[in-house]
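S.K.: Got a structure for you, written out below as structure tokens; questions coming shortly.
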Amino acid sequence: MIFGRKKPKIGIAFGGGGARGFAHLGAIKAFEEFGIKFDFVAGTSAGSLVGAFYANNFSYKEMYNIAKNVKAKDIRKNVLPFTTSKLDGLADILKANLGDINIEDLKLPFAAVSVDLKSTKEVCFLKGNLASAVTGSCAVPGVFQPVEYNNMILADGGLQNTIPADIPKYFGCDYVVAVDVNKSRTYGTDSTKFLDVLTCSIRILMKSNAVRGYVNADVVVGPETKRFKSTRTDGLEDMIEEGYKATIDVMPDIIALFKKKPQKKCKQLPNDIIFVK
């Protein structure tokens, strides 16, 4: 490092993807091996769950030990057709391991991205109850019930911002690394079943807003997760390996970000996002 030069602030954005979010752990494993540490953490849906643990300085090993014991039924308890499940199980996992804490109690600045069904606006939580913000970010329509919190009705952040690479840049980060664990989101369906049609429709919506994440990211980690189901926890080890390999592939680009000059100013807060801070 050149003497006297300020180091750039680097953010990490963990994207949504359901159970494919296990691939995020592989990225974190690679970050640890290379001594990569970020200044700001943002996450959407499954990425907000992983991001919450990461922002509290949980190591790859600690997160892996929790993940390997999590089953789909622990999170989605109601699997009857045409019914949605509460996210109490996910909230319990957060509280059991992190405590019933607020976002501002985490070790690193953290933002969980959700959508308010009342206003239809994207909501970025930088403070407030952690479990409520994360479960709201994970509330996939048609699969989970929305989360009522702070006079809002929260649904999956992926409806508006599935790869929240722009968020760290609003809060002083010069550069952002994004992890997209769901780059195969564009696939369609031959089924006319209710849930298949609904989830395919959501994928179509997320396809367009995923572009926003790529535009705002300086480096994108894109694991190959197409063969895994976003609704099943099978293949945990393989998903982690895919996340690890994809991160190693772009590690020279990530390291290069830490050697760049800081930007002169951060992005101005937009009016179409609700920031809870």
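Within each chain, counting starts at residue 1; across the structure tokens, chains are named A, B, ... in the order shown, with ligands numbered 1 upward in that order.
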Hey, what's within 10 Å of segment 101-107 of chain A if we count only C-alpha atoms and toss same-chain stuff fewer than 2 positions away? As a ChimeraX atom specification, please?
M.R.: /A:52-58,94-95,98-99,109-112,125-134,277
S.K.: Could you give me the residues within segment 38-220 of chain A that DSSP places in strand (DSSP E), as an MDAnalysis selection string?
M.R.: chainID A and resid 40:44 110:116 122:125 147:149 152:156 175:179 219:220
S.K.: Deliver the residues from the most recent selection as a file, using N, CA and C atoms, as a PDB file, in the first residue's frame.
M.R.:
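New file part-v9.pdb:
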```pdb
ATOM      1  N   PHE A  40     -19.012  -3.258   4.911  1.00  0.00           N
ATOM      2  CA  PHE A  40     -20.472  -3.101   4.943  1.00  0.00           C
ATOM      3  C   PHE A  40     -21.084  -4.356   4.330  1.00  0.00           C
ATOM      4  N   VAL A  41     -22.189  -4.819   4.918  1.00  0.00           N
ATOM      5  CA  VAL A  41     -22.841  -6.044   4.458  1.00  0.00           C
ATOM      6  C   VAL A  41     -24.287  -5.743   4.098  1.00  0.00           C
ATOM      7  N   ALA A  42     -24.694  -6.158   2.896  1.00  0.00           N
ATOM      8  CA  ALA A  42     -26.092  -6.041   2.485  1.00  0.00           C
ATOM      9  C   ALA A  42     -26.577  -7.399   2.024  1.00  0.00           C
ATOM     10  N   GLY A  43     -27.854  -7.676   2.247  1.00  0.00           N
ATOM     11  CA  GLY A  43     -28.387  -8.967   1.833  1.00  0.00           C
ATOM     12  C   GLY A  43     -29.863  -8.907   1.509  1.00  0.00           C
ATOM     13  N   THR A  44     -30.258  -9.714   0.553  1.00  0.00           N
ATOM     14  CA  THR A  44     -31.659  -9.868   0.183  1.00  0.00           C
ATOM     15  C   THR A  44     -32.056 -11.324   0.357  1.00  0.00           C
ATOM     16  N   PHE A 110     -24.966  -3.346   8.597  1.00  0.00           N
ATOM     17  CA  PHE A 110     -25.712  -4.370   7.864  1.00  0.00           C
ATOM     18  C   PHE A 110     -27.034  -3.803   7.378  1.00  0.00           C
ATOM     19  N   ALA A 111     -27.411  -4.200   6.165  1.00  0.00           N
ATOM     20  CA  ALA A 111     -28.692  -3.785   5.594  1.00  0.00           C
ATOM     21  C   ALA A 111     -29.435  -5.004   5.063  1.00  0.00           C
ATOM     22  N   ALA A 112     -30.679  -5.165   5.499  1.00  0.00           N
ATOM     23  CA  ALA A 112     -31.551  -6.225   4.993  1.00  0.00           C
ATOM     24  C   ALA A 112     -32.590  -5.588   4.080  1.00  0.00           C
ATOM     25  N   VAL A 113     -32.711  -6.096   2.866  1.00  0.00           N
ATOM     26  CA  VAL A 113     -33.594  -5.507   1.861  1.00  0.00           C
ATOM     27  C   VAL A 113     -34.899  -6.291   1.770  1.00  0.00           C
ATOM     28  N   SER A 114     -36.004  -5.555   1.855  1.00  0.00           N
ATOM     29  CA  SER A 114     -37.334  -6.152   1.777  1.00  0.00           C
ATOM     30  C   SER A 114     -38.208  -5.268   0.894  1.00  0.00           C
ATOM     31  N   VAL A 115     -39.493  -5.630   0.799  1.00  0.00           N
ATOM     32  CA  VAL A 115     -40.460  -4.820   0.062  1.00  0.00           C
ATOM     33  C   VAL A 115     -41.699  -4.655   0.925  1.00  0.00           C
ATOM     34  N   ASP A 116     -42.205  -3.432   1.001  1.00  0.00           N
ATOM     35  CA  ASP A 116     -43.435  -3.156   1.747  1.00  0.00           C
ATOM     36  C   ASP A 116     -44.626  -3.269   0.794  1.00  0.00           C
ATOM     37  N   GLU A 122     -39.354  -0.581  -2.077  1.00  0.00           N
ATOM     38  CA  GLU A 122     -38.245  -1.309  -1.478  1.00  0.00           C
ATOM     39  C   GLU A 122     -37.956  -0.706  -0.109  1.00  0.00           C
ATOM     40  N   VAL A 123     -37.645  -1.567   0.854  1.00  0.00           N
ATOM     41  CA  VAL A 123     -37.321  -1.113   2.204  1.00  0.00           C
ATOM     42  C   VAL A 123     -35.932  -1.632   2.562  1.00  0.00           C
ATOM     43  N   CYS A 124     -35.094  -0.743   3.034  1.00  0.00           N
ATOM     44  CA  CYS A 124     -33.734  -1.101   3.425  1.00  0.00           C
ATOM     45  C   CYS A 124     -33.594  -0.875   4.929  1.00  0.00           C
ATOM     46  N   PHE A 125     -33.503  -1.969   5.677  1.00  0.00           N
ATOM     47  CA  PHE A 125     -33.397  -1.886   7.138  1.00  0.00           C
ATOM     48  C   PHE A 125     -31.937  -1.818   7.561  1.00  0.00           C
ATOM     49  N   VAL A 147     -44.524 -10.535   6.573  1.00  0.00           N
ATOM     50  CA  VAL A 147     -44.183 -10.222   7.964  1.00  0.00           C
ATOM     51  C   VAL A 147     -44.644  -8.809   8.279  1.00  0.00           C
ATOM     52  N   GLU A 148     -45.478  -8.665   9.281  1.00  0.00           N
ATOM     53  CA  GLU A 148     -45.948  -7.342   9.701  1.00  0.00           C
ATOM     54  C   GLU A 148     -44.967  -6.760  10.712  1.00  0.00           C
ATOM     55  N   TYR A 149     -44.432  -5.591  10.375  1.00  0.00           N
ATOM     56  CA  TYR A 149     -43.421  -4.969  11.229  1.00  0.00           C
ATOM     57  C   TYR A 149     -43.351  -3.481  10.916  1.00  0.00           C
ATOM     58  N   MET A 152     -45.620  -1.912   8.456  1.00  0.00           N
ATOM     59  CA  MET A 152     -45.422  -2.331   7.076  1.00  0.00           C
ATOM     60  C   MET A 152     -45.777  -3.809   6.937  1.00  0.00           C
ATOM     61  N   ILE A 153     -46.072  -4.220   5.719  1.00  0.00           N
ATOM     62  CA  ILE A 153     -46.293  -5.628   5.413  1.00  0.00           C
ATOM     63  C   ILE A 153     -45.159  -6.043   4.486  1.00  0.00           C
ATOM     64  N   LEU A 154     -44.214  -6.788   5.036  1.00  0.00           N
ATOM     65  CA  LEU A 154     -42.961  -7.051   4.338  1.00  0.00           C
ATOM     66  C   LEU A 154     -42.990  -8.351   3.550  1.00  0.00           C
ATOM     67  N   ALA A 155     -42.458  -8.295   2.336  1.00  0.00           N
ATOM     68  CA  ALA A 155     -42.312  -9.468   1.481  1.00  0.00           C
ATOM     69  C   ALA A 155     -40.881  -9.502   0.940  1.00  0.00           C
ATOM     70  N   ASP A 156     -40.570 -10.584   0.275  1.00  0.00           N
ATOM     71  CA  ASP A 156     -39.229 -10.862  -0.230  1.00  0.00           C
ATOM     72  C   ASP A 156     -38.610  -9.660  -0.944  1.00  0.00           C
ATOM     73  N   TYR A 175     -16.437   0.430  -3.430  1.00  0.00           N
ATOM     74  CA  TYR A 175     -16.596  -0.695  -4.353  1.00  0.00           C
ATOM     75  C   TYR A 175     -17.402  -1.798  -3.664  1.00  0.00           C
ATOM     76  N   VAL A 176     -18.018  -2.640  -4.487  1.00  0.00           N
ATOM     77  CA  VAL A 176     -18.874  -3.696  -3.944  1.00  0.00           C
ATOM     78  C   VAL A 176     -18.637  -5.011  -4.672  1.00  0.00           C
ATOM     79  N   VAL A 177     -18.523  -6.067  -3.887  1.00  0.00           N
ATOM     80  CA  VAL A 177     -18.497  -7.433  -4.410  1.00  0.00           C
ATOM     81  C   VAL A 177     -19.895  -8.012  -4.205  1.00  0.00           C
ATOM     82  N   ALA A 178     -20.468  -8.584  -5.244  1.00  0.00           N
ATOM     83  CA  ALA A 178     -21.799  -9.188  -5.144  1.00  0.00           C
ATOM     84  C   ALA A 178     -21.700 -10.684  -5.367  1.00  0.00           C
ATOM     85  N   VAL A 179     -22.506 -11.433  -4.624  1.00  0.00           N
ATOM     86  CA  VAL A 179     -22.574 -12.882  -4.807  1.00  0.00           C
ATOM     87  C   VAL A 179     -23.976 -13.231  -5.285  1.00  0.00           C
ATOM     88  N   VAL A 219     -17.392  -6.419  -8.766  1.00  0.00           N
ATOM     89  CA  VAL A 219     -17.035  -7.811  -9.044  1.00  0.00           C
ATOM     90  C   VAL A 219     -18.246  -8.666  -8.678  1.00  0.00           C
ATOM     91  N   VAL A 220     -18.602  -9.610  -9.536  1.00  0.00           N
ATOM     92  CA  VAL A 220     -19.723 -10.517  -9.264  1.00  0.00           C
ATOM     93  C   VAL A 220     -19.210 -11.950  -9.163  1.00  0.00           C
TER      94      VAL A 220
END
```
S.K.: Using only C-alpha atoms, can you tell me which of A:Lys245, A:Arg212, A:Lys71, A:Lys229 comes closest to Ile28 of chain A?
M.R.: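 That would be A:Lys245, the residue with the smallest distance to Ile28 of chain A.
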S.K.: Which parts of segment 36-245 of chain A does DSSP call helix (DSSP H, G or I) when run on the backbone here, written out as JSON, numbers by chain?
M.R.: {"A": [46, 47, 48, 49, 50, 51, 52, 53, 54, 55, 60, 61, 62, 63, 64, 65, 66, 67, 72, 73, 74, 75, 88, 89, 90, 91, 92, 93, 94, 95, 96, 97, 98, 103, 104, 105, 130, 131, 132, 133, 134, 135, 136, 137, 157, 158, 159, 167, 168, 169, 170, 194, 195, 196, 197, 198, 199, 200, 201, 202, 203, 204, 205, 206, 207, 208, 209, 210, 211, 212, 213, 214, 215, 216, 236, 237, 238, 239, 240, 241, 242, 243, 244, 245]}
S.K.: Would you save the residues of that selection, restricted to C-alpha atoms, as a JSON list (two decimals), in the first residue's frame?
M.R.:
```json
[["chain", "number", "residue", "atom", "x", "y", "z"],
["A", 46, "ALA", "CA", -31.44, -15.85, 1.77],
["A", 47, "GLY", "CA", -28.59, -13.38, 1.40],
["A", 48, "SER", "CA", -29.95, -11.34, 4.29],
["A", 49, "LEU", "CA", -29.92, -14.45, 6.49],
["A", 50, "VAL", "CA", -26.31, -15.27, 5.65],
["A", 51, "GLY", "CA", -25.41, -11.59, 5.80],
["A", 52, "ALA", "CA", -26.76, -11.23, 9.34],
["A", 53, "PHE", "CA", -24.42, -13.95, 10.59],
["A", 54, "TYR", "CA", -21.52, -12.59, 8.57],
["A", 55, "ALA", "CA", -22.11, -9.07, 9.94],
["A", 60, "TYR", "CA", -17.42, -19.99, 7.83],
["A", 61, "LYS", "CA", -17.09, -22.95, 10.21],
["A", 62, "GLU", "CA", -19.64, -21.53, 12.66],
["A", 63, "MET", "CA", -22.14, -20.89, 9.86],
["A", 64, "TYR", "CA", -21.52, -24.32, 8.36],
["A", 65, "ASN", "CA", -22.21, -26.03, 11.69],
["A", 66, "ILE", "CA", -25.58, -24.26, 11.85],
["A", 67, "ALA", "CA", -26.45, -24.83, 8.18],
["A", 72, "ALA", "CA", -36.46, -27.30, 4.86],
["A", 73, "LYS", "CA", -39.20, -28.29, 7.31],
["A", 74, "ASP", "CA", -37.50, -26.20, 10.00],
["A", 75, "ILE", "CA", -38.20, -23.09, 7.92],
["A", 88, "ASP", "CA", -41.35, -18.32, 12.86],
["A", 89, "GLY", "CA", -38.87, -21.18, 12.33],
["A", 90, "LEU", "CA", -36.40, -18.89, 10.61],
["A", 91, "ALA", "CA", -36.83, -16.27, 13.32],
["A", 92, "ASP", "CA", -36.11, -18.96, 15.93],
["A", 93, "ILE", "CA", -32.85, -19.90, 14.16],
["A", 94, "LEU", "CA", -31.73, -16.28, 14.21],
["A", 95, "LYS", "CA", -32.66, -15.72, 17.83],
["A", 96, "ALA", "CA", -31.10, -18.99, 19.01],
["A", 97, "ASN", "CA", -27.76, -18.17, 17.44],
["A", 98, "LEU", "CA", -27.57, -14.37, 17.44],
["A", 103, "ILE", "CA", -29.42, -4.69, 13.49],
["A", 104, "GLU", "CA", -27.41, -1.91, 15.10],
["A", 105, "ASP", "CA", -26.07, -4.46, 17.63],
["A", 130, "LEU", "CA", -32.94, -8.20, 13.24],
["A", 131, "ALA", "CA", -35.24, -11.23, 13.11],
["A", 132, "SER", "CA", -38.16, -9.16, 11.80],
["A", 133, "ALA", "CA", -36.07, -7.49, 9.10],
["A", 134, "VAL", "CA", -34.50, -10.74, 7.90],
["A", 135, "THR", "CA", -37.72, -12.77, 7.92],
["A", 136, "GLY", "CA", -39.43, -9.94, 6.05],
["A", 137, "SER", "CA", -36.64, -10.03, 3.48],
["A", 157, "GLY", "CA", -36.73, -8.15, -1.13],
["A", 158, "GLY", "CA", -36.05, -9.94, -4.40],
["A", 159, "LEU", "CA", -39.24, -8.44, -5.81],
["A", 167, "ILE", "CA", -26.98, -0.39, -1.09],
["A", 168, "PRO", "CA", -23.38, -0.36, 0.25],
["A", 169, "LYS", "CA", -22.55, 2.48, -2.15],
["A", 170, "TYR", "CA", -25.24, 4.65, -0.55],
["A", 194, "PHE", "CA", -50.38, -23.01, -8.84],
["A", 195, "LEU", "CA", -47.04, -22.92, -7.02],
["A", 196, "ASP", "CA", -44.97, -23.63, -10.15],
["A", 197, "VAL", "CA", -46.67, -20.82, -12.06],
["A", 198, "LEU", "CA", -46.28, -18.42, -9.13],
["A", 199, "THR", "CA", -42.60, -19.14, -8.55],
["A", 200, "CYS", "CA", -41.88, -18.91, -12.29],
["A", 201, "SER", "CA", -43.61, -15.52, -12.35],
["A", 202, "ILE", "CA", -41.43, -14.35, -9.47],
["A", 203, "ARG", "CA", -38.32, -15.53, -11.33],
["A", 204, "ILE", "CA", -39.35, -13.43, -14.31],
["A", 205, "LEU", "CA", -39.70, -10.37, -12.07],
["A", 206, "MET", "CA", -36.32, -11.03, -10.45],
["A", 207, "LYS", "CA", -34.64, -11.46, -13.82],
["A", 208, "SER", "CA", -35.16, -7.80, -14.66],
["A", 209, "ASN", "CA", -34.08, -6.38, -11.31],
["A", 210, "ALA", "CA", -31.03, -8.67, -11.14],
["A", 211, "VAL", "CA", -29.54, -6.44, -13.86],
["A", 212, "ARG", "CA", -29.48, -3.62, -11.32],
["A", 213, "GLY", "CA", -27.24, -5.73, -9.09],
["A", 214, "TYR", "CA", -24.79, -6.46, -11.88],
["A", 215, "VAL", "CA", -24.62, -2.82, -12.91],
["A", 216, "ASN", "CA", -23.80, -1.67, -9.37],
["A", 236, "LEU", "CA", -25.37, -28.50, 0.93],
["A", 237, "GLU", "CA", -21.74, -29.56, 0.49],
["A", 238, "ASP", "CA", -21.89, -29.28, -3.30],
["A", 239, "MET", "CA", -23.46, -25.82, -3.14],
["A", 240, "ILE", "CA", -20.74, -24.65, -0.78],
["A", 241, "GLU", "CA", -18.11, -26.03, -3.14],
["A", 242, "GLU", "CA", -19.66, -24.19, -6.11],
["A", 243, "GLY", "CA", -19.64, -20.95, -4.13],
["A", 244, "TYR", "CA", -16.03, -21.51, -3.14],
["A", 245, "LYS", "CA", -14.83, -22.29, -6.68]]
```
S.K.: Please measure the separation of atom CA of Arg232 of chain A and atom CA of Gln145 of chain A, giving the value in Å to one decimal.
M.R.: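 If I compute the distance from atom CA of Arg232 of chain A to atom CA of Gln145 of chain A, I get 18.5 Å.
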S.K.: Which residues are close to Lys183 of chain A, i.e. within 8 Å by only C-alpha atoms, leaving aside same-chain residues fewer than 6 positions away? Reply as a PyMOL selection string.
M.R.: chain A and resi 222-226
